[in-house]
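Asker: My structure is in query.cif, and what it holds is mmCIF, C-alpha atoms:
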data_input
loop_
_atom_site.label_atom_id
_atom_site.label_comp_id
_atom_site.auth_asym_id
_atom_site.auth_seq_id
_atom_site.Cartn_x
_atom_site.Cartn_y
_atom_site.Cartn_z
CA MET A 1 78.18 111.01 101.84
CA SER A 2 75.69 108.46 103.09
CA LYS A 3 76.99 105.08 104.16
CA SER A 4 75.34 103.16 101.36
CA VAL A 5 76.56 105.51 98.62
CA ALA A 6 80.10 105.32 99.96
CA ALA A 7 79.91 101.54 100.17
CA ALA A 8 78.44 101.20 96.69
CA SER A 9 81.17 103.41 95.21
CA GLY A 10 83.74 101.37 97.05
CA HIS A 11 82.41 98.12 95.59
CA ALA A 12 82.29 99.48 92.08
CA LEU A 13 85.77 100.98 92.25
CA TRP A 14 87.26 97.79 93.69
CA ALA A 15 85.88 95.93 90.69
CA LYS A 16 87.62 98.30 88.30
CA MET A 17 91.04 98.39 89.94
CA PRO A 18 93.80 96.07 88.68
CA LYS A 19 94.42 93.33 91.23
CA ALA A 20 97.62 91.95 92.67
CA ASN A 21 98.18 88.58 94.30
CA ALA A 22 97.16 88.90 97.95
CA GLU A 23 99.73 86.38 99.13
CA LEU A 24 102.55 88.13 97.30
CA PHE A 25 101.42 91.39 98.87
CA ALA A 26 101.34 89.98 102.39
CA LEU A 27 104.63 88.11 102.04
CA THR A 28 106.43 91.13 100.58
CA TYR A 29 105.23 93.26 103.48
CA GLY A 30 106.25 90.53 105.88
CA SER A 31 109.79 90.43 104.57
CA LEU A 32 109.93 94.21 104.71
CA VAL A 33 109.00 94.19 108.40
CA THR A 34 111.48 91.37 109.06
CA GLU A 35 114.27 93.43 107.51
CA LEU A 36 113.31 96.42 109.61
CA ILE A 37 113.43 94.31 112.73
CA ARG A 38 116.94 93.21 111.79
CA ASP A 39 118.12 96.72 110.95
CA TYR A 40 116.74 98.82 113.77
CA ASP A 41 117.54 98.73 117.46
CA SER A 42 114.34 99.89 119.04
CA ILE A 43 110.71 99.08 118.39
CA GLU A 44 109.81 102.77 118.35
CA GLU A 45 112.13 103.26 115.38
CA ILE A 46 110.58 100.35 113.52
CA ASN A 47 107.07 101.62 114.13
CA GLU A 48 108.18 105.07 113.05
CA GLN A 49 109.76 103.76 109.84
CA LEU A 50 106.60 101.87 108.94
CA GLU A 51 104.59 105.02 109.54
CA LYS A 52 106.94 107.05 107.35
CA MET A 53 106.65 104.53 104.53
CA GLY A 54 102.92 104.67 104.88
CA TYR A 55 103.05 108.46 104.71
CA SER A 56 104.84 108.35 101.32
CA ILE A 57 102.23 105.93 100.05
CA GLY A 58 99.38 107.99 101.44
CA VAL A 59 100.33 111.26 99.76
CA ARG A 60 100.21 109.50 96.39
CA CYS A 61 97.20 107.32 97.11
CA VAL A 62 94.77 110.14 97.59
CA ASP A 63 95.28 111.58 94.09
CA GLU A 64 94.74 108.13 92.63
CA PHE A 65 91.58 107.77 94.67
CA LEU A 66 90.20 111.13 93.53
CA ALA A 67 91.24 110.71 89.90
CA LYS A 68 89.96 107.19 89.45
CA SER A 69 86.66 107.69 91.22
CA GLU A 70 86.04 110.61 88.89
CA GLN A 71 87.15 108.59 85.88
CA HIS A 72 84.68 105.83 86.68
CA GLY A 73 81.86 108.28 87.12
CA MET A 74 81.67 108.19 90.89
CA THR A 75 82.50 111.67 92.03
CA VAL A 76 83.11 111.70 95.74
CA PRO A 77 81.04 114.64 97.03
CA THR A 78 82.78 117.16 99.26
CA CYS A 79 82.76 116.10 102.88
CA GLN A 80 80.89 118.48 105.16
CA ASN A 81 82.42 117.21 108.38
CA LEU A 82 84.82 114.63 109.76
CA LYS A 83 82.10 112.00 109.86
CA ASP A 84 81.74 112.18 106.07
CA THR A 85 85.50 111.93 105.68
CA ALA A 86 85.58 108.89 107.94
CA GLU A 87 82.82 107.17 105.95
CA VAL A 88 84.55 107.83 102.64
CA VAL A 89 87.90 106.59 103.94
CA ALA A 90 86.47 103.46 105.49
CA LYS A 91 83.89 102.44 102.94
CA THR A 92 85.24 103.77 99.66
CA GLY A 93 88.97 104.24 100.17
CA PHE A 94 89.85 101.04 101.98
CA ARG A 95 87.50 99.06 99.77
CA MET A 96 88.98 100.45 96.57
CA PHE A 97 92.60 99.74 97.43
CA LEU A 98 92.43 96.71 99.69
CA GLY A 99 89.05 95.15 99.01
CA ILE A 100 88.10 95.27 102.69
CA SER A 101 85.46 97.38 104.31
CA CYS A 102 85.90 99.01 107.68
CA ASP A 103 83.49 100.19 110.32
CA VAL A 104 83.64 103.68 111.68
CA THR A 105 82.80 105.06 115.09
CA MET A 106 82.93 108.79 115.69
CA ALA A 107 84.20 110.24 118.92
CA PRO A 108 81.58 112.21 120.86
CA ASP A 109 83.24 115.54 120.15
CA GLY A 110 83.39 114.83 116.43
CA ASN A 111 87.11 115.49 116.21
CA ALA A 112 88.26 111.92 116.03
CA PHE A 113 87.12 108.60 114.70
CA SER A 114 88.06 104.96 114.99
CA LEU A 115 88.39 102.58 112.08
CA PHE A 116 87.69 98.94 112.81
CA MET A 117 89.14 96.37 110.44
CA TYR A 118 88.04 92.78 110.77
CA GLU A 119 90.45 91.45 108.20
CA ASN A 120 93.93 92.72 107.53
CA PRO A 121 95.40 91.92 104.11
CA LEU A 122 98.89 92.86 105.29
CA ALA A 123 98.85 90.33 108.11
CA LEU A 124 97.84 87.29 106.11
CA PHE A 125 99.79 84.28 107.46
CA VAL A 126 101.37 86.40 110.19
CA GLU A 127 101.79 85.27 113.77
CA LEU A 128 103.85 87.11 116.29
CA PRO A 129 105.86 84.93 118.69
CA LYS A 130 104.60 84.59 122.25
CA THR A 131 108.02 84.94 123.84
CA ASN A 132 109.40 88.37 124.39
CA ASP A 133 112.82 88.10 122.86
CA MET A 134 113.31 89.54 119.44
CA PRO A 135 116.37 89.26 117.23
CA THR A 136 118.39 92.31 118.06
CA ALA A 137 121.18 94.01 116.19
CA ALA A 138 124.51 93.46 117.92
CA GLY A 139 124.58 95.52 121.08
CA GLY A 140 120.99 96.62 120.70
CA ALA A 141 118.50 96.96 123.53
CA THR A 142 116.00 94.16 124.16
CA LYS A 143 112.83 94.58 122.15
CA LYS A 144 109.41 93.21 122.87
CA TRP A 145 107.08 91.72 120.28
CA GLU A 146 104.10 93.21 122.05
CA ASP A 147 105.26 96.74 121.24
CA LEU A 148 105.53 96.07 117.53
CA LYS A 149 102.79 97.74 115.50
CA TYR A 150 102.96 95.38 112.55
CA SER A 151 100.46 97.21 110.38
CA ASN A 152 101.56 100.71 111.28
CA LEU A 153 101.77 101.35 107.54
CA TYR A 154 98.03 102.13 107.61
CA CYS A 155 98.54 104.94 110.08
CA GLY A 156 101.05 106.56 107.78
CA ILE A 157 98.81 106.10 104.77
CA LEU A 158 95.91 107.79 106.54
CA ARG A 159 98.08 110.65 107.76
CA GLY A 160 99.64 111.21 104.32
CA SER A 161 96.46 111.08 102.31
CA LEU A 162 94.46 113.32 104.65
CA GLU A 163 97.28 115.84 104.74
CA GLN A 164 97.05 116.25 100.97
CA ILE A 165 93.45 117.35 101.35
CA ASN A 166 94.32 119.78 104.11
CA LEU A 167 93.45 117.74 107.18
CA ARG A 168 96.31 117.34 109.59
CA VAL A 169 95.64 114.22 111.62
CA SER A 170 97.45 111.92 113.94
CA CYS A 171 96.79 108.18 113.66
CA GLU A 172 97.46 105.50 116.16
CA TYR A 173 97.09 101.75 116.10
CA ILE A 174 95.09 100.99 119.23
CA ARG A 175 94.18 97.33 118.97
CA ASP A 176 95.79 94.67 116.81
CA VAL A 177 94.52 91.19 116.04
CA LEU A 178 98.14 90.03 115.89
CA GLN A 179 98.54 91.06 119.51
CA GLY A 180 95.58 88.94 120.54
CA GLU A 181 92.72 91.43 120.28
CA GLU A 182 89.49 90.71 118.41
CA VAL A 183 89.64 93.54 115.97
CA ASN A 184 92.13 95.99 114.47
CA GLU A 185 91.41 99.52 115.61
CA ILE A 186 93.03 102.67 114.32
CA ARG A 187 92.25 105.96 115.99
CA VAL A 188 92.41 109.05 113.77
CA THR A 189 92.38 112.41 115.53
CA LEU A 190 91.94 115.66 113.64
CA ARG A 191 94.55 118.16 114.75
CA GLU A 192 94.12 121.03 112.32
CA VAL A 193 92.39 121.98 109.11
CA LEU A 194 95.19 123.47 107.02
CA GLN A 195 94.82 126.56 104.91
CA ASP A 196 96.09 126.47 101.36
CA GLY A 197 99.21 128.49 100.69
CA ALA A 198 98.02 131.03 98.14
CA GLY A 199 94.99 131.97 100.19
CA ASP A 200 96.93 133.48 103.08
CA ASP A 201 98.85 135.94 100.90
CA TYR A 202 95.77 137.39 99.38
CA LYS A 203 93.51 137.44 102.40
CA GLU A 204 92.20 140.81 103.53
CA GLU A 205 93.45 141.88 106.91
CA MET B 1 90.32 118.18 64.38
CA GLY B 2 91.90 118.40 67.80
CA GLY B 3 93.45 121.80 68.17
CA PHE B 4 95.30 121.08 71.42
CA LEU B 5 98.31 123.31 71.86
CA HIS B 6 100.00 123.05 75.25
CA LEU B 7 99.68 121.23 78.55
CA PHE B 8 101.15 122.57 81.74
CA ILE B 9 100.90 121.38 85.31
CA VAL B 10 101.32 123.58 88.37
CA ASN B 11 101.90 122.20 91.86
CA LYS B 12 100.32 123.28 95.14
CA SER B 13 102.81 126.06 95.77
CA GLY B 14 102.60 127.53 92.29
CA GLY B 15 105.70 125.99 90.78
CA LEU B 16 105.55 124.60 87.28
CA ILE B 17 106.13 120.85 87.33
CA HIS B 18 105.45 119.96 83.75
CA HIS B 19 104.90 121.53 80.36
CA ARG B 20 104.52 119.87 77.01
CA PRO B 21 103.49 120.88 73.52
CA LEU B 22 100.60 118.71 72.37
CA SER B 23 100.92 119.40 68.65
CA ASP B 24 103.44 120.69 66.12
CA ARG B 25 101.46 123.89 65.73
CA ALA B 26 102.05 124.88 69.36
CA PRO B 27 104.25 127.97 69.64
CA THR B 28 107.73 127.39 71.09
CA ILE B 29 108.04 128.82 74.59
CA GLY B 30 111.35 128.96 76.45
CA THR B 31 111.82 127.28 79.85
CA ASN B 32 112.10 130.54 81.80
CA GLU B 33 109.00 131.84 80.08
CA TRP B 34 107.22 128.64 81.07
CA LEU B 35 108.15 129.08 84.71
CA ARG B 36 106.78 132.62 84.55
CA ILE B 37 103.57 131.39 82.94
CA GLY B 38 103.15 128.74 85.61
CA SER B 39 103.50 131.04 88.59
CA THR B 40 101.52 133.84 86.95
CA PHE B 41 98.64 131.48 86.29
CA HIS B 42 98.78 130.18 89.85
CA SER B 43 98.55 133.69 91.28
CA LEU B 44 95.82 134.79 88.89
CA HIS B 45 93.85 131.64 89.70
CA ALA B 46 93.88 132.58 93.38
CA ILE B 47 93.26 136.29 92.82
CA ALA B 48 90.29 135.54 90.56
CA ALA B 49 88.52 133.81 93.43
CA GLU B 50 89.12 136.80 95.69
CA ALA B 51 88.07 139.30 93.04
CA SER B 52 85.02 137.40 91.92
CA PRO B 53 81.66 139.08 92.50
CA LEU B 54 80.31 135.71 93.59
CA ARG B 55 82.35 134.64 96.61
CA LEU B 56 82.08 131.00 97.61
CA LEU B 57 82.48 129.76 101.16
CA GLY B 58 86.18 129.28 101.91
CA ASN B 59 86.80 129.97 98.22
CA LYS B 60 86.00 126.34 97.55
CA ASN B 61 83.83 125.43 94.59
CA ALA B 62 81.15 122.74 94.51
CA TYR B 63 83.70 120.10 93.54
CA GLY B 64 85.66 120.79 96.71
CA ALA B 65 88.72 122.30 95.08
CA ASP B 66 89.82 125.92 95.32
CA ASP B 67 87.72 128.29 93.29
CA GLY B 68 89.53 130.13 90.54
CA ILE B 69 89.98 130.50 86.81
CA GLU B 70 88.44 127.54 85.01
CA GLU B 71 88.32 128.80 81.46
CA ILE B 72 89.75 131.66 79.44
CA ASN B 73 88.05 132.08 76.11
CA ALA B 74 89.86 134.67 74.05
CA GLY B 75 90.00 135.53 70.38
CA GLY B 76 92.80 133.24 69.42
CA ILE B 77 92.97 130.82 72.30
CA LEU B 78 90.97 128.64 74.63
CA LEU B 79 92.55 127.87 77.99
CA LYS B 80 91.00 125.38 80.41
CA SER B 81 92.18 124.64 83.89
CA PHE B 82 91.30 121.79 86.23
CA GLN B 83 92.31 122.00 89.87
CA THR B 84 92.31 118.82 91.89
CA ARG B 85 91.29 118.69 95.53
CA THR B 86 94.95 118.17 96.39
CA GLY B 87 95.89 121.52 94.87
CA VAL B 88 97.50 120.43 91.59
CA LYS B 89 96.40 122.39 88.53
CA PHE B 90 96.25 120.84 85.07
CA VAL B 91 96.00 123.48 82.32
CA ILE B 92 95.49 123.00 78.60
CA THR B 93 95.60 125.63 75.88
CA ALA B 94 93.92 124.92 72.57
CA ASP B 95 92.42 126.53 69.49
CA PRO B 96 89.02 128.08 70.14
CA GLY B 97 86.25 125.55 69.59
CA THR B 98 88.29 122.49 70.53
CA ALA B 99 86.08 119.86 72.10
CA ASP B 100 86.65 117.30 74.88
CA ILE B 101 89.21 119.37 76.80
CA ASP B 102 87.55 118.59 80.15
CA TYR B 103 87.68 114.87 79.40
CA VAL B 104 91.36 115.15 78.44
CA LEU B 105 92.19 117.07 81.64
CA ARG B 106 90.64 114.38 83.80
CA GLU B 107 92.36 111.61 81.90
CA ILE B 108 95.67 113.40 82.34
CA TYR B 109 94.99 113.50 86.10
CA VAL B 110 94.58 109.70 86.01
CA LEU B 111 97.82 109.38 84.00
CA TYR B 112 99.53 111.59 86.58
CA THR B 113 98.44 109.26 89.38
CA ASP B 114 99.41 106.12 87.49
CA CYS B 115 102.67 107.19 85.85
CA ALA B 116 104.17 110.07 87.77
CA LEU B 117 103.04 109.37 91.34
CA LYS B 118 103.82 105.67 91.18
CA ASP B 119 107.34 106.31 89.89
CA PRO B 120 109.44 105.54 92.98
CA PHE B 121 111.96 108.20 92.02
CA TYR B 122 109.41 110.94 91.61
CA GLU B 123 109.25 113.38 94.52
CA LEU B 124 105.99 115.16 95.09
CA GLU B 125 105.86 118.79 93.94
CA MET B 126 109.02 118.34 91.85
CA PRO B 127 109.20 118.58 88.03
CA ILE B 128 107.83 115.47 86.38
CA ARG B 129 110.50 113.67 84.37
CA CYS B 130 108.74 110.38 83.72
CA GLU B 131 109.02 108.94 80.24
CA LEU B 132 105.95 106.81 80.86
CA PHE B 133 103.87 109.87 81.66
CA THR B 134 104.86 111.85 78.56
CA GLN B 135 104.31 108.84 76.32
CA ALA B 136 100.90 108.22 77.85
CA VAL B 137 99.90 111.88 77.39
CA ASP B 138 100.94 111.78 73.74
CA LEU B 139 98.95 108.60 73.18
CA LEU B 140 95.92 110.12 74.88
CA ILE B 141 96.00 113.22 72.68
CA GLU B 142 96.42 111.07 69.58
CA ARG B 143 93.45 108.94 70.60
CA VAL B 144 91.23 111.94 71.29
CA GLU B 145 92.13 113.70 68.07
CA LYS B 146 91.49 110.57 66.04
CA SER B 147 88.06 110.01 67.54
CA GLY B 148 86.74 113.39 66.54
CA PRO B 149 84.94 116.00 68.65
CA GLY B 150 82.12 115.14 71.04
CA SER B 151 82.86 111.44 71.34
CA PHE B 152 83.66 111.71 75.05
CA LYS B 153 80.68 112.62 77.17
CA GLN B 154 81.48 114.62 80.30
CA ARG B 155 80.07 112.69 83.27
#
Would you mind writing the file's structure down as structure tokens?

Answerer:
Amino acid sequence: MSKSVAAASGHALWAKMPKANAELFALTYGSLVTELIRDYDSIEEINEQLEKMGYSIGVRCVDEFLAKSEQHGMTVPTCQNLKDTAEVVAKTGFRMFLGISCDVTMAPDGNAFSLFMYENPLALFVELPKTNDMPTAAGGATKKWEDLKYSNLYCGILRGSLEQINLRVSCEYIRDVLQGEEVNEIRVTLREVLQDGAGDDYKEE
Amino acid sequence: MGGFLHLFIVNKSGGLIHHRPLSDRAPTIGTNEWLRIGSTFHSLHAIAAEASPLRLLGNKNAYGADDGIEEINAGGILLKSFQTRTGVKFVITADPGTADIDYVLREIYVLYTDCALKDPFYELEMPIRCELFTQAVDLLIERVEKSGPGSFKQR
């Protein structure tokens, strides 16, 4: 799908989606992360929990994306390669659900791509403390703010949604504006193209 | 006149996750029979792609979903199936000559994403037990039957 078609579809779909209050969205997510910080002992667990939550969202998101784009007359053409997938995710998907557009850079071997987000709706009003002491559960190990992947939800969402369309990927948050970088970068690496279940049983040897 | 008879939904692995009569004229089918129908259709859908004289690359059709049975037009019945790119199959049976089935299938997909998937207690691939979904499907069928055939252009 060419960049401009993906972007145009994204714009049009965003216009048709019901909207929620952006501040409510960001504050709800913020309190969720705060609770996780209180409940879990290690940062790895918190990041993992956020990713798992994102995964549950992602597996449901993709059907909504496919159904609604069809409903509004914007069929998303089948992606021929990972580059097409990346464009659709960044320009149409993110735009439709969050109202933001992302930039995409492909890796040289074509098996990975990076999504660059310049604004992050989840991190509205958020600032991470400069000091390195986090509230810990009683008896927990010391945790560092710099290890927290605040918006790790996105990684889960990407992994979940791509898995439903048979692409097994791993996603990692590489750069975070909350940690002082200029841009949010998520790296998505394609691990495997999955085969559908029924196909294997009936394949000829 | 609508003529819709039954709706059934099959998940990725071939299990039946929903079935519903869409009119009073629909024949009564027992739950076990429904489960058999669901898995039989799933298998036939896959076999049809393998047995087809025209084999598509990776058995994927132009839409991007798995190739397979899309329509069965028999003497007393019309069956239409819509497979999503995530592997879920929506199937409707109706009287021959019923119009707008494709439109209804796609609208039901949207209802599935809005009512069933967004239900926090609904687990993917499990039977759909969402009141909101069944009500919305009933309303959709009522709306389509009231509007008469051919009022919904297929995009």

Asker: Could you write out as a PyMOL selection string the residues that the PyMOL selection byres ((chain A) within 6 of (chain B)) matches in the shown file?

Answerer: chain A and resi 60+64+67+78+164-165

Asker: Have a look at CA of Ala6 (chain A) and CA of Glu23 (chain A) and let me know their distance in Å, one decimal.

Answerer: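 Interatomic distance, CA of Ala6 (chain A) to CA of Glu23 (chain A): 27.3 Å.
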
Asker: Distance CA of His11 (chain A)-CA of Gly99 (chain A), one decimal place?

Answerer: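 Those two atoms sit 8.0 Å apart.
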
Asker: Can you give me, as a list in words, the residues this file yields under the PyMOL selection byres ((chain A and resi 122-125) around 7)?

Answerer: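 Evaluating the PyMOL selection byres ((chain A and resi 122-125) around 7) on this file yields Ala26, Tyr29, Asn120, Pro121, Val126, Glu127 and Ser151 of chain A.
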
Asker: Residues at most 6 Å from region 100-115 of chain A, counting all atoms listed in the file, excluding those fewer than 4 positions away in the same chain, as a PyMOL selection string?

Answerer: chain A and resi 90-91+95+185-190

Asker: Quote the spacing between CA of Ser161 (chain A) and CA of Val59 (chain A) in Å to one decimal place.

Answerer: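 Straight-line distance from CA of Ser161 (chain A) to CA of Val59 (chain A) works out to 4.6 Å.
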
Asker: What's the 9 Å shell around Met53 (chain A), counting all atoms listed in the file, without same-chain residues fewer than 3 positions away, as an mmCIF file with C-alpha atoms, in the frame of the given file?

Answerer:
data_model
loop_
_atom_site.group_PDB
_atom_site.id
_atom_site.type_symbol
_atom_site.label_atom_id
_atom_site.label_comp_id
_atom_site.auth_asym_id
_atom_site.auth_seq_id
_atom_site.Cartn_x
_atom_site.Cartn_y
_atom_site.Cartn_z
ATOM 1 C CA GLU A 48 108.180 105.070 113.050
ATOM 2 C CA GLN A 49 109.760 103.760 109.840
ATOM 3 C CA LEU A 50 106.600 101.870 108.940
ATOM 4 C CA SER A 56 104.840 108.350 101.320
ATOM 5 C CA ILE A 57 102.230 105.930 100.050
ATOM 6 C CA GLY A 58 99.380 107.990 101.440
ATOM 7 C CA LEU A 153 101.770 101.350 107.540
ATOM 8 C CA GLY A 156 101.050 106.560 107.780
ATOM 9 C CA ILE A 157 98.810 106.100 104.770
#

Asker: For Thr75 (chain A), which residue among A:Cys61, A:Cys171, A:Val5, A:Leu32 is the nearest when counting only C-alpha atoms?

Answerer: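 Nearest candidate to Thr75 (chain A) out of A:Cys61, A:Cys171, A:Val5, A:Leu32: A:Val5.
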
Asker: Would you mind putting back all heavy atoms on region 186-196 of chain A, then writing it out as a short mmCIF file (atom, residue, chain, number, x, y, z; two decimals), in the coordinates of the input?

Answerer:
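The file below, selection27.cif, is the result:
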data_model
loop_
_atom_site.label_atom_id
_atom_site.label_comp_id
_atom_site.auth_asym_id
_atom_site.auth_seq_id
_atom_site.Cartn_x
_atom_site.Cartn_y
_atom_site.Cartn_z
N ILE A 186 92.14 101.52 114.54
CA ILE A 186 93.03 102.67 114.32
C ILE A 186 92.27 103.92 114.73
O ILE A 186 91.15 104.15 114.27
CB ILE A 186 93.43 102.80 112.84
CG1 ILE A 186 94.13 101.53 112.37
CG2 ILE A 186 94.35 104.00 112.64
CD1 ILE A 186 94.51 101.56 110.91
N ARG A 187 92.89 104.73 115.56
CA ARG A 187 92.25 105.96 115.99
C ARG A 187 92.84 107.12 115.20
O ARG A 187 94.05 107.31 115.18
CB ARG A 187 92.48 106.16 117.48
CG ARG A 187 91.69 107.34 117.98
CD ARG A 187 91.26 107.14 119.42
NE ARG A 187 90.18 108.04 119.71
CZ ARG A 187 88.88 107.73 119.53
NH1 ARG A 187 88.56 106.55 119.08
NH2 ARG A 187 87.96 108.60 119.78
N VAL A 188 91.97 107.89 114.55
CA VAL A 188 92.41 109.05 113.77
C VAL A 188 91.88 110.29 114.45
O VAL A 188 90.67 110.44 114.63
CB VAL A 188 91.86 108.98 112.33
CG1 VAL A 188 92.34 110.16 111.53
CG2 VAL A 188 92.26 107.68 111.67
N THR A 189 92.79 111.18 114.84
CA THR A 189 92.38 112.41 115.53
C THR A 189 92.70 113.60 114.65
O THR A 189 93.83 113.75 114.19
CB THR A 189 93.14 112.57 116.86
OG1 THR A 189 93.18 111.30 117.51
CG2 THR A 189 92.47 113.58 117.76
N LEU A 190 91.72 114.47 114.46
CA LEU A 190 91.94 115.66 113.64
C LEU A 190 92.64 116.70 114.50
O LEU A 190 92.17 117.08 115.56
CB LEU A 190 90.59 116.20 113.15
CG LEU A 190 90.66 117.49 112.32
CD1 LEU A 190 91.38 117.25 111.01
CD2 LEU A 190 89.26 118.01 112.05
N ARG A 191 93.82 117.15 114.00
CA ARG A 191 94.55 118.16 114.75
C ARG A 191 94.24 119.54 114.22
O ARG A 191 94.06 120.49 114.97
CB ARG A 191 96.07 117.92 114.61
CG ARG A 191 96.52 116.60 115.16
CD ARG A 191 96.58 116.63 116.66
NE ARG A 191 96.83 115.30 117.18
CZ ARG A 191 96.43 114.89 118.37
NH1 ARG A 191 95.77 115.70 119.15
NH2 ARG A 191 96.69 113.67 118.77
N GLU A 192 94.24 119.68 112.90
CA GLU A 192 94.12 121.03 112.32
C GLU A 192 93.61 120.92 110.90
O GLU A 192 93.96 119.98 110.18
CB GLU A 192 95.53 121.61 112.27
CG GLU A 192 95.61 123.11 112.15
CD GLU A 192 97.04 123.55 111.88
OE1 GLU A 192 97.95 122.84 112.34
OE2 GLU A 192 97.23 124.56 111.22
N VAL A 193 92.78 121.88 110.52
CA VAL A 193 92.39 121.98 109.11
C VAL A 193 93.34 123.01 108.51
O VAL A 193 93.35 124.16 108.90
CB VAL A 193 90.93 122.44 108.97
CG1 VAL A 193 90.58 122.58 107.50
CG2 VAL A 193 90.00 121.45 109.64
N LEU A 194 94.16 122.58 107.55
CA LEU A 194 95.19 123.47 107.02
C LEU A 194 94.61 124.43 106.00
O LEU A 194 93.67 124.09 105.29
CB LEU A 194 96.29 122.62 106.35
CG LEU A 194 96.95 121.58 107.24
CD1 LEU A 194 97.73 120.61 106.40
CD2 LEU A 194 97.84 122.24 108.27
N GLN A 195 95.22 125.58 105.93
CA GLN A 195 94.82 126.56 104.91
C GLN A 195 95.74 126.40 103.73
O GLN A 195 96.93 126.17 103.90
CB GLN A 195 94.95 127.98 105.46
CG GLN A 195 93.99 128.28 106.58
CD GLN A 195 92.56 128.14 106.13
OE1 GLN A 195 92.20 128.54 105.04
NE2 GLN A 195 91.73 127.54 106.97
N ASP A 196 95.24 126.54 102.54
CA ASP A 196 96.09 126.47 101.36
C ASP A 196 97.03 127.65 101.32
O ASP A 196 96.72 128.72 101.80
CB ASP A 196 95.25 126.46 100.08
CG ASP A 196 94.55 125.14 99.93
OD1 ASP A 196 95.12 124.13 100.35
OD2 ASP A 196 93.45 125.13 99.39
#
